[in-house]
>>> print(open('run15.cif').read())   # mmCIF, C-alpha atoms
data_target
loop_
_atom_site.label_atom_id
_atom_site.label_comp_id
_atom_site.auth_asym_id
_atom_site.auth_seq_id
_atom_site.Cartn_x
_atom_site.Cartn_y
_atom_site.Cartn_z
CA MET J 121 -40.93 61.30 -179.39
CA SER J 122 -40.49 64.45 -177.33
CA ALA J 123 -41.40 67.82 -178.80
CA THR J 124 -38.45 69.25 -176.90
CA MET J 125 -35.98 66.65 -178.14
CA THR J 126 -32.36 67.84 -178.10
CA VAL J 127 -30.21 67.08 -181.13
CA ARG J 128 -26.50 66.62 -180.47
CA GLU J 129 -23.33 65.22 -181.98
CA LEU J 130 -22.69 61.49 -181.72
CA ASN J 131 -20.62 60.18 -178.83
CA PRO J 132 -17.74 57.74 -179.59
CA ALA J 133 -19.86 54.59 -179.15
CA GLU J 134 -22.64 55.94 -181.36
CA ARG J 135 -20.16 57.10 -183.98
CA GLU J 136 -18.60 53.65 -184.18
CA ALA J 137 -22.04 52.01 -184.46
CA PHE J 138 -22.93 54.40 -187.26
CA ARG J 139 -19.73 53.59 -189.14
CA VAL J 140 -20.48 49.88 -188.92
CA ALA J 141 -24.05 50.44 -190.17
CA ARG J 142 -22.72 52.57 -193.03
CA LEU J 143 -20.27 49.81 -193.98
CA VAL J 144 -23.14 47.31 -194.05
CA ALA J 145 -25.15 49.69 -196.24
CA TYR J 146 -22.18 50.17 -198.57
CA ASN J 147 -21.70 46.43 -198.95
CA GLN J 148 -25.37 46.05 -199.88
CA MET J 149 -25.46 48.90 -202.43
CA PRO J 150 -21.89 50.12 -203.15
CA TYR J 151 -23.06 52.51 -205.88
CA TYR J 152 -24.69 54.60 -203.12
CA ALA J 153 -21.28 55.36 -201.58
CA ALA J 154 -21.21 59.07 -202.46
CA GLY J 155 -24.52 59.60 -200.69
CA LEU J 156 -23.70 57.47 -197.66
CA PHE J 157 -20.53 59.46 -197.01
CA ALA J 158 -22.27 62.80 -197.70
CA LEU J 159 -24.71 62.30 -194.81
CA THR J 160 -23.89 64.08 -191.56
CA PRO J 161 -25.04 61.92 -188.62
CA VAL J 162 -26.45 63.48 -185.45
CA ALA J 163 -28.01 61.93 -182.38
CA ALA J 164 -31.70 62.53 -181.78
CA PRO J 165 -32.57 60.72 -178.51
CA GLY J 166 -36.23 59.79 -178.31
CA LEU J 167 -36.88 60.01 -182.06
CA GLY J 168 -37.60 56.29 -182.26
CA THR J 169 -36.23 55.95 -185.79
CA PHE J 170 -33.88 57.56 -188.32
CA ALA J 171 -34.84 60.65 -190.35
CA VAL J 172 -33.22 63.14 -192.73
CA ASP J 173 -33.56 66.86 -193.29
CA LYS J 174 -33.23 68.70 -196.60
CA HIS J 175 -29.55 69.39 -195.92
CA TRP J 176 -28.46 65.73 -195.79
CA ARG J 177 -28.31 65.46 -192.00
CA LEU J 178 -29.19 62.03 -190.65
CA TYR J 179 -31.04 62.11 -187.31
CA MET J 180 -30.64 58.84 -185.42
CA ASP J 181 -32.13 57.68 -182.18
CA PRO J 182 -29.21 56.04 -180.31
CA ALA J 183 -31.65 53.55 -178.81
CA MET J 184 -32.28 52.17 -182.30
CA LEU J 185 -28.63 52.31 -183.34
CA LEU J 186 -27.06 50.58 -180.33
CA ASP J 187 -27.71 47.18 -178.74
CA GLY J 188 -31.38 46.64 -178.01
CA GLY J 189 -32.56 48.48 -181.12
CA TRP J 190 -32.15 47.28 -184.69
CA THR J 191 -29.59 44.74 -185.75
CA VAL J 192 -26.56 46.06 -187.61
CA GLN J 193 -28.07 44.80 -190.87
CA GLU J 194 -31.35 46.57 -190.15
CA SER J 195 -29.58 49.81 -189.21
CA GLY J 196 -27.71 49.71 -192.51
CA ALA J 197 -30.98 49.08 -194.35
CA VAL J 198 -32.73 52.02 -192.67
CA LEU J 199 -29.71 54.16 -193.54
CA LEU J 200 -30.21 53.25 -197.22
CA HIS J 201 -33.91 53.96 -196.83
CA GLU J 202 -33.37 57.50 -195.51
CA LEU J 203 -30.81 58.22 -198.21
CA GLY J 204 -33.45 57.13 -200.73
CA HIS J 205 -35.68 60.04 -199.71
CA LEU J 206 -32.90 62.48 -200.58
CA LEU J 207 -31.94 60.79 -203.83
CA ARG J 208 -35.54 60.80 -205.04
CA VAL J 209 -36.04 64.45 -204.00
CA HIS J 210 -39.20 63.61 -202.07
CA ALA J 211 -39.21 67.03 -200.39
CA ASP J 212 -39.24 68.83 -203.76
CA ARG J 213 -41.82 66.46 -205.21
CA ALA J 214 -44.07 67.06 -202.21
CA ALA J 215 -44.14 70.74 -203.12
CA MET J 216 -45.68 69.77 -206.48
CA LEU J 217 -48.64 68.00 -204.87
CA PRO J 218 -52.02 69.75 -204.50
CA GLN J 219 -51.60 71.93 -201.44
CA PRO J 220 -51.98 71.51 -198.56
CA TYR J 221 -50.85 67.92 -198.71
CA SER J 222 -50.84 65.21 -196.06
CA HIS J 223 -47.30 64.82 -194.69
CA ASP J 224 -48.15 61.42 -193.30
CA ALA J 225 -49.71 60.10 -196.53
CA TRP J 226 -46.79 61.40 -198.59
CA ASN J 227 -44.28 59.82 -196.20
CA LEU J 228 -46.06 56.48 -196.58
CA ALA J 229 -45.99 56.85 -200.35
CA GLY J 230 -42.30 57.75 -200.42
CA ASP J 231 -41.47 54.86 -198.12
CA ALA J 232 -43.26 52.42 -200.41
CA GLU J 233 -41.41 53.74 -203.46
CA ILE J 234 -38.03 53.26 -201.74
CA ASN J 235 -38.66 49.98 -199.92
CA ASP J 236 -39.85 48.33 -203.12
CA ASP J 237 -36.35 48.62 -204.58
CA LEU J 238 -34.50 47.89 -201.35
CA LEU J 239 -36.35 44.59 -201.00
CA ASP J 240 -35.48 43.78 -204.63
CA ALA J 241 -31.83 44.40 -203.73
CA GLY J 242 -32.08 41.91 -200.86
CA VAL J 243 -31.65 44.57 -198.18
CA ALA J 244 -32.63 43.34 -194.69
CA LEU J 245 -35.25 45.94 -193.78
CA PRO J 246 -36.96 45.71 -190.37
CA GLN J 247 -40.22 43.83 -190.12
CA GLY J 248 -43.43 45.67 -191.01
CA VAL J 249 -42.04 48.19 -193.47
CA VAL J 250 -44.37 49.99 -195.84
CA THR J 251 -44.64 48.41 -199.30
CA PRO J 252 -46.84 49.13 -202.32
CA GLN J 253 -48.72 45.90 -201.67
CA ALA J 254 -49.45 46.97 -198.08
CA LEU J 255 -51.03 50.14 -199.49
CA GLY J 256 -53.09 48.15 -201.98
CA CYS J 257 -51.00 49.29 -204.95
CA ASN J 258 -49.02 47.62 -207.72
CA ALA J 259 -45.29 47.20 -207.24
CA HIS J 260 -42.72 49.46 -208.89
CA ASP J 261 -44.93 52.51 -209.31
CA CYS J 262 -44.16 56.06 -208.20
CA ALA J 263 -44.82 57.81 -204.90
CA GLU J 264 -47.41 60.12 -206.43
CA VAL J 265 -49.56 57.14 -207.43
CA TYR J 266 -49.26 55.65 -203.94
CA TYR J 267 -50.11 59.00 -202.38
CA ASP J 268 -53.32 59.33 -204.40
CA LYS J 269 -54.33 55.82 -203.32
CA VAL J 270 -53.67 56.50 -199.63
CA VAL J 271 -55.60 59.79 -199.72
CA ALA J 272 -58.52 58.20 -201.61
CA ASP J 273 -58.67 55.28 -199.16
CA ARG J 274 -58.71 57.63 -196.19
CA GLN J 275 -61.49 59.71 -197.70
CA ALA J 276 -63.51 56.57 -198.36
CA ASP J 277 -62.86 55.15 -194.89
CA PRO J 278 -61.49 57.56 -192.26
CA ASN J 279 -60.87 54.58 -189.96
CA ASN J 280 -58.78 52.79 -192.56
CA SER J 281 -55.33 51.78 -191.36
CA ASP J 282 -52.69 52.11 -194.06
CA GLY J 283 -50.52 49.05 -194.33
CA GLY J 284 -47.20 48.97 -192.55
CA GLU J 285 -46.25 49.82 -189.02
CA GLY J 286 -45.31 53.45 -189.38
CA ASN J 287 -44.27 55.83 -192.08
CA GLY J 288 -40.59 55.83 -191.26
CA GLY J 289 -40.09 52.61 -193.13
CA ASP J 290 -38.84 50.97 -189.98
CA GLY J 291 -41.92 49.62 -188.26
CA GLN J 292 -41.29 51.66 -185.10
CA GLY J 293 -44.09 54.13 -184.41
CA ASP J 294 -45.06 57.09 -186.56
CA PRO J 295 -42.46 59.86 -186.31
CA GLY J 296 -41.98 60.47 -190.04
CA CYS J 297 -38.76 60.55 -192.01
CA GLY J 298 -38.10 64.27 -191.65
CA SER J 299 -38.20 67.30 -193.89
CA GLY J 300 -35.85 65.62 -196.37
CA ALA J 301 -38.67 63.16 -197.09
CA GLY J 302 -41.31 65.86 -197.47
CA ALA J 303 -42.68 65.01 -194.03
CA GLY J 304 -42.64 67.27 -190.99
CA ALA J 305 -39.37 68.55 -189.60
CA VAL J 306 -37.71 66.54 -186.85
CA PRO J 307 -38.02 68.34 -183.49
CA GLY J 308 -34.77 70.23 -183.01
CA GLU J 309 -33.91 70.12 -186.73
CA LEU J 310 -30.70 72.05 -187.35
CA PRO J 311 -30.39 75.20 -189.51
CA ALA J 312 -28.68 74.73 -192.87
CA ALA J 313 -25.59 76.75 -191.95
CA GLN J 314 -24.99 75.13 -188.56
CA GLU J 315 -21.90 72.96 -188.56
CA VAL J 316 -21.75 69.46 -187.12
CA ASP J 317 -18.31 67.92 -186.80
CA GLY J 318 -17.02 70.84 -188.84
CA ARG J 319 -19.50 70.28 -191.68
CA ALA J 320 -22.39 72.52 -192.67
CA GLY J 321 -25.50 71.17 -194.36
CA VAL J 322 -25.43 70.18 -198.04
CA ASP J 323 -26.91 72.83 -200.34
CA ASP J 324 -29.18 72.12 -203.31
CA ALA J 325 -26.42 72.41 -205.92
CA THR J 326 -24.13 70.01 -204.09
CA GLY J 327 -27.04 67.64 -203.52
CA GLY J 328 -27.63 67.57 -207.26
CA LEU J 329 -23.99 66.72 -207.91
CA ILE J 330 -24.14 63.88 -205.38
CA ARG J 331 -27.24 62.45 -207.06
CA ARG J 332 -25.55 62.58 -210.44
CA ARG J 333 -22.40 60.91 -209.11
CA ILE J 334 -24.50 58.10 -207.66
CA ALA J 335 -26.48 57.76 -210.90
CA GLU J 336 -23.21 57.40 -212.82
CA ALA J 337 -22.08 54.74 -210.34
CA VAL J 338 -25.37 52.89 -210.86
CA ARG J 339 -24.89 52.99 -214.62
CA GLU J 340 -21.34 51.66 -214.25
CA ALA J 341 -22.54 48.86 -211.96
CA VAL J 342 -25.22 47.88 -214.49
CA SER J 343 -22.78 47.88 -217.43
CA SER J 344 -20.13 45.91 -215.52
CA GLY J 345 -22.60 43.28 -214.35
CA ARG J 346 -21.32 43.46 -210.79
CA GLY J 347 -24.10 42.51 -208.40
CA THR J 348 -27.77 43.09 -209.05
CA VAL J 349 -29.11 46.62 -209.42
CA PRO J 350 -32.89 46.80 -208.88
CA ALA J 351 -34.88 47.90 -211.92
CA GLY J 352 -36.32 50.86 -210.02
CA VAL J 353 -32.84 52.13 -209.13
CA ARG J 354 -31.77 51.77 -212.77
CA ARG J 355 -34.79 53.81 -213.90
CA TRP J 356 -34.00 56.47 -211.30
CA ALA J 357 -30.40 56.72 -212.51
CA GLU J 358 -31.46 56.94 -216.14
CA GLY J 359 -33.80 59.79 -215.23
CA VAL J 360 -31.04 61.69 -213.42
CA LEU J 361 -28.55 61.27 -216.26
CA ALA J 362 -31.00 61.97 -219.08
CA PRO J 363 -30.64 65.48 -220.49
CA ALA J 364 -33.44 67.88 -219.75
CA VAL J 365 -36.03 67.51 -222.48
CA VAL J 366 -37.42 70.75 -223.82
CA PRO J 367 -39.90 70.38 -226.71
CA TRP J 368 -38.01 71.36 -229.87
CA ASN J 369 -41.03 73.11 -231.37
CA ARG J 370 -41.38 75.35 -228.32
CA VAL J 371 -37.71 76.33 -228.59
CA LEU J 372 -38.03 76.95 -232.33
CA ARG J 373 -41.09 79.16 -231.84
CA SER J 374 -39.29 81.10 -229.14
CA ILE J 375 -36.22 81.67 -231.32
CA VAL J 376 -38.27 82.87 -234.30
CA ARG J 377 -40.34 85.19 -232.09
CA ARG J 378 -37.14 86.59 -230.63
CA ALA J 379 -35.77 87.33 -234.10
CA VAL J 380 -39.02 89.04 -235.08
CA ALA J 381 -39.00 91.10 -231.89
CA ASP J 382 -35.37 92.10 -232.41
CA VAL J 383 -36.00 93.38 -235.91
CA ALA J 384 -39.41 94.91 -235.12
CA GLY J 385 -37.79 96.92 -232.35
CA ARG J 386 -35.47 98.75 -234.76
CA VAL J 387 -37.57 101.91 -234.84
CA GLN J 388 -36.33 104.88 -236.86
CA PHE J 389 -37.33 108.55 -236.81
CA THR J 390 -38.57 110.13 -240.03
CA TYR J 391 -39.74 113.60 -241.09
CA SER J 392 -41.50 112.27 -244.21
CA LYS J 393 -44.61 111.92 -242.07
CA PRO J 394 -44.34 114.42 -239.17
CA SER J 395 -45.51 113.50 -235.72
CA ARG J 396 -49.03 114.51 -234.73
CA ARG J 397 -47.44 116.33 -231.80
CA SER J 398 -46.04 118.90 -234.26
CA GLY J 399 -47.47 122.41 -234.06
CA HIS J 400 -46.83 126.03 -233.11
CA GLY J 401 -44.06 126.18 -235.69
CA LEU J 402 -42.35 123.05 -234.39
CA ILE J 403 -42.04 119.89 -236.46
CA PHE J 404 -41.27 116.60 -234.74
CA PRO J 405 -40.35 113.40 -236.53
CA SER J 406 -42.59 110.39 -236.27
CA MET J 407 -41.36 106.92 -235.41
CA ARG J 408 -41.47 104.27 -238.08
CA GLY J 409 -40.90 100.61 -237.49
CA PRO J 410 -39.67 98.33 -240.25
CA ARG J 411 -42.15 96.39 -242.37
CA LEU J 412 -40.78 93.00 -241.58
CA ARG J 413 -39.81 90.69 -244.38
CA VAL J 414 -38.68 87.13 -243.82
CA SER J 415 -36.74 84.80 -246.08
CA VAL J 416 -36.80 81.07 -245.41
CA VAL J 417 -33.81 79.37 -247.04
CA VAL J 418 -34.21 75.58 -247.23
CA ASP J 419 -31.48 73.01 -247.76
CA THR J 420 -33.02 70.55 -250.24
CA SER J 421 -29.92 68.41 -250.69
CA GLY J 422 -31.79 65.38 -249.37
CA SER J 423 -29.69 64.81 -246.25
CA MET J 424 -32.77 65.62 -244.14
CA SER J 425 -35.96 63.59 -244.14
CA ASP J 426 -39.03 65.07 -245.77
CA GLY J 427 -40.99 64.68 -242.52
CA ASP J 428 -38.40 66.57 -240.47
CA LEU J 429 -38.31 69.37 -243.00
CA ARG J 430 -42.10 69.68 -243.09
CA ALA J 431 -42.29 69.75 -239.29
CA ALA J 432 -39.77 72.59 -239.04
CA LEU J 433 -41.42 74.55 -241.86
CA SER J 434 -44.85 74.12 -240.33
CA GLU J 435 -43.70 75.56 -236.99
CA ILE J 436 -41.98 78.52 -238.64
CA LYS J 437 -44.96 79.25 -240.86
CA GLY J 438 -47.30 79.18 -237.85
CA VAL J 439 -45.18 81.61 -235.83
CA LEU J 440 -44.86 84.06 -238.73
CA LYS J 441 -48.59 83.93 -239.47
CA ALA J 442 -49.42 84.54 -235.82
CA GLY J 443 -47.15 87.59 -235.95
CA GLY J 444 -48.94 88.98 -238.99
CA ILE J 445 -46.08 88.13 -241.36
CA ALA J 446 -47.42 86.27 -244.37
CA GLY J 447 -48.15 86.60 -248.07
CA ASP J 448 -45.61 88.59 -250.06
CA ARG J 449 -43.67 89.38 -246.89
CA VAL J 450 -42.38 85.80 -246.72
CA THR J 451 -39.97 84.52 -249.37
CA VAL J 452 -38.95 80.87 -249.66
CA LEU J 453 -35.71 79.95 -251.38
CA THR J 454 -34.24 76.48 -251.86
CA CYS J 455 -30.60 75.47 -252.21
CA ASP J 456 -29.40 72.16 -253.60
CA ALA J 457 -26.00 70.79 -254.48
CA GLU J 458 -26.68 70.44 -258.21
CA SER J 459 -27.83 73.91 -259.19
CA GLY J 460 -25.42 75.81 -256.96
CA ALA J 461 -27.95 78.62 -256.88
CA ALA J 462 -30.92 79.66 -254.78
CA GLN J 463 -34.31 78.92 -256.34
CA ARG J 464 -37.32 81.00 -255.35
CA ILE J 465 -40.60 79.13 -254.91
CA SER J 466 -44.05 80.51 -254.24
CA ARG J 467 -45.10 78.35 -251.28
CA VAL J 468 -43.40 76.34 -248.56
CA GLU J 469 -45.60 73.41 -249.57
CA ASP J 470 -43.70 73.31 -252.88
CA VAL J 471 -40.33 72.52 -251.29
CA VAL J 472 -38.97 69.27 -252.76
CA LEU J 473 -35.91 67.39 -251.53
CA THR J 474 -33.63 66.62 -254.46
CA GLY J 475 -30.99 64.31 -252.98
CA GLY J 476 -27.24 64.74 -252.85
CA GLY J 477 -25.26 66.76 -250.35
CA GLY J 478 -22.61 69.39 -249.83
CA THR J 479 -24.91 72.40 -250.21
CA ASP J 480 -23.38 75.83 -249.52
CA MET J 481 -26.10 77.72 -247.68
CA ARG J 482 -24.15 80.97 -248.02
CA VAL J 483 -25.54 81.09 -251.56
CA GLY J 484 -29.10 81.05 -250.25
CA ILE J 485 -28.35 83.63 -247.56
CA ALA J 486 -26.78 85.96 -250.12
CA ALA J 487 -29.80 85.56 -252.43
CA ALA J 488 -32.17 86.31 -249.55
CA GLU J 489 -30.32 89.47 -248.62
CA LYS J 490 -30.26 90.60 -252.24
CA GLU J 491 -34.04 90.46 -252.35
CA ASN J 492 -34.71 91.94 -248.92
CA PRO J 493 -33.56 95.22 -247.42
CA ALA J 494 -31.48 95.52 -244.26
CA GLY J 495 -33.55 94.70 -241.22
CA ALA J 496 -35.09 91.56 -242.66
CA ILE J 497 -34.94 88.09 -241.12
CA THR J 498 -33.31 85.10 -242.80
CA ILE J 499 -34.22 81.64 -241.48
CA VAL J 500 -32.00 78.84 -242.75
CA ILE J 501 -33.18 75.22 -242.43
CA THR J 502 -30.33 72.78 -242.96
CA ASP J 503 -28.56 69.73 -241.55
CA GLY J 504 -25.64 72.03 -240.72
CA GLU J 505 -23.19 70.45 -243.17
CA THR J 506 -22.42 73.80 -244.78
CA PRO J 507 -20.01 76.72 -244.50
CA TRP J 508 -21.45 79.85 -242.89
CA PRO J 509 -20.84 83.57 -243.53
CA ALA J 510 -17.67 84.80 -241.82
CA THR J 511 -19.10 88.21 -240.95
CA PRO J 512 -22.51 89.25 -239.58
CA THR J 513 -25.23 89.37 -242.19
CA LYS J 514 -27.41 92.42 -242.83
CA SER J 515 -30.47 90.42 -241.90
CA ARG J 516 -31.12 88.72 -238.57
CA LEU J 517 -29.92 85.17 -239.16
CA VAL J 518 -31.72 82.19 -237.60
CA CYS J 519 -30.09 78.77 -238.09
CA VAL J 520 -32.40 75.75 -237.76
CA ILE J 521 -30.24 72.61 -237.62
CA VAL J 522 -32.26 69.48 -238.33
CA GLY J 523 -31.19 66.03 -237.15
CA ASN J 524 -27.52 66.93 -236.61
CA GLU J 525 -27.16 68.47 -233.16
CA ARG J 526 -23.35 68.40 -233.16
CA MET J 527 -23.30 70.87 -236.07
CA ALA J 528 -25.16 73.48 -234.02
CA ALA J 529 -21.82 74.44 -232.48
CA CYS J 530 -20.53 75.41 -235.94
CA THR J 531 -23.09 78.14 -236.63
CA PRO J 532 -22.00 81.80 -236.32
CA SER J 533 -21.92 83.16 -232.77
CA TRP J 534 -23.99 86.17 -233.83
CA ALA J 535 -26.81 84.01 -235.21
CA LEU J 536 -29.75 82.54 -233.32
CA THR J 537 -29.52 78.73 -233.46
CA VAL J 538 -31.98 75.96 -232.64
CA THR J 539 -31.77 72.21 -233.22
CA VAL J 540 -34.63 69.99 -234.35
CA PRO J 541 -34.21 66.25 -233.65
CA THR J 542 -34.71 63.79 -236.44
CA GLY J 543 -37.95 61.84 -236.60
CA VAL J 544 -40.15 64.71 -235.41
CA GLY J 545 -42.21 64.59 -238.55
CA SER J 546 -42.81 60.85 -238.49
#
>>> encode(input="run15.cif", output="structure tokens")
Amino acid sequence: MSATMTVRELNPAEREAFRVARLVAYNQMPYYAAGLFALTPVAAPGLGTFAVDKHWRLYMDPAMLLDGGWTVQESGAVLLHELGHLLRVHADRAAMLPQPYSHDAWNLAGDAEINDDLLDAGVALPQGVVTPQALGCNAHDCAEVYYDKVVADRQADPNNSDGGEGNGGDGQGDPGCGSGAGAGAVPGELPAAQEVDGRAGVDDATGGLIRRRIAEAVREAVSSGRGTVPAGVRRWAEGVLAPAVVPWNRVLRSIVRRAVADVAGRVQFTYSKPSRRSGHGLIFPSMRGPRLRVSVVVDTSGSMSDGDLRAALSEIKGVLKAGGIAGDRVTVLTCDAESGAAQRISRVEDVVLTGGGGTDMRVGIAAAEKENPAGAITIVITDGETPWPATPTKSRLVCVIVGNERMAACTPSWALTVTVPTGVGS
């Protein structure tokens, strides 16, 4: 590979060969179609392999693409391999490794992660590709595990030769799979904004949409039973489509702290206790912050589990205590369907679920505001099956919806709302 390699657009013969290889790749793994057609191919004479950059450009050595290089089936397989680096965000994952990291070791690890699934899919990869077994690892693990093994082996034996003939997944030398794989940049790598065949590079947001579209296609292929989708590809798709998981207790603590900060920041000026800056005949008011009071209104209708309720109460109690709000500054009221009234209890530990349903939590909110002055905080813990006040309350309202996420959309727009999944207290 020449350090002064010139990257150029494909000529007609190369373009036709690429289209044939892409068709072969599509026939092998049709759910990858969105990614295969998102790649922008360019010629990289002397590269000795295929590689990708972070902007979904595919660098191909014409000598490997045309007669005398790989077979059409192998070219299609290597095309799927390079796309795998982009789908699995190997460049971003490399940035999470202890720095500086070994580009070569990471490329080997990423290749093993991809090739494992391609071989399961029956893809005709070239001879000598990197596999987990060649690295001395178990199959179907992640690139980070393979990377640690490669690095440890090299530290133990600097002369150790990692299995496989090259880290490009193709058995042809050691040029790397490009910056899109978290390896070094291909010589002559193009800037993101430079157009090739009228197309600029793919940005991060568009790349994310492509990955999601492919993940949805994988899910559809699995559900329809068409063909065989490798287990590793299914797991990848499930990970892409799964919603971002943020610990509910962290969100709940954040929401309660925000409510406390909002109310604590309502400082007023008063002359009842003049400022210490007063003097020389001038009297300045002092600033007085509110003495925070918090009411916790609990839906005890029995539609929530006792464990879920205890978990939510425990988090709220911990946040308030850490903020110096405890004792007589915290009031706990319960609402149930039978009494139709709010009952005050002395401790959160005394909350008892009574069964039934249909509680109107507006009763508890009204009772809390009757006891506390303006500027207080009212935290309502409920399953959400309740009407809410139509106008903003005097107190800062926090709605904690337990085990009924769809009802979170029904809380007032001026309230702070957080959902707690069911089963958290199990």
>>> residues_near_point(input="run15.cif", point="(-23.8, 58.1, -208.9)", cutoff="9 Å", atoms="only C-alpha atoms", output="PyMOL selection string")
chain J and resi 151-155+329-340+357
>>> atom_distance(input="run15.cif", atom1="CA of Ala381 (chain J)", atom2="CA of Asp426 (chain J)")
29.5 Å
>>> residues_around(input="run15.cif", residues="region 225-233 of chain J", least_positions_apart="3", cutoff="9 Å", atoms="all atoms listed in the file", output="ChimeraX atom specification")
/J:201-202,204-205,208,210,214,221-222,236-237,249-255,259-271,282-284,286-289,296-298,301-303,352
>>> atom_distance(input="run15.cif", atom1="CA of Asp187 (chain J)", atom2="CA of Ala241 (chain J)")
25.5 Å
>>> atom_distance(input="run15.cif", atom1="CA of Arg526 (chain J)", atom2="CA of Arg430 (chain J)")
21.3 Å
>>> residues_around(input="run15.cif", residues="region 129-133 of chain J", least_positions_apart="2", cutoff="6 Å", atoms="only C-alpha atoms", output="list of chain:residue names")
J:Arg135, J:Glu136, J:Val162, J:Ala163
>>> residues_around(input="run15.cif", residues="Arg464 (chain J)", least_positions_apart="6", cutoff="8 Å", atoms="only C-alpha atoms", output="MDAnalysis selection string")
chainID J and resid 451:454
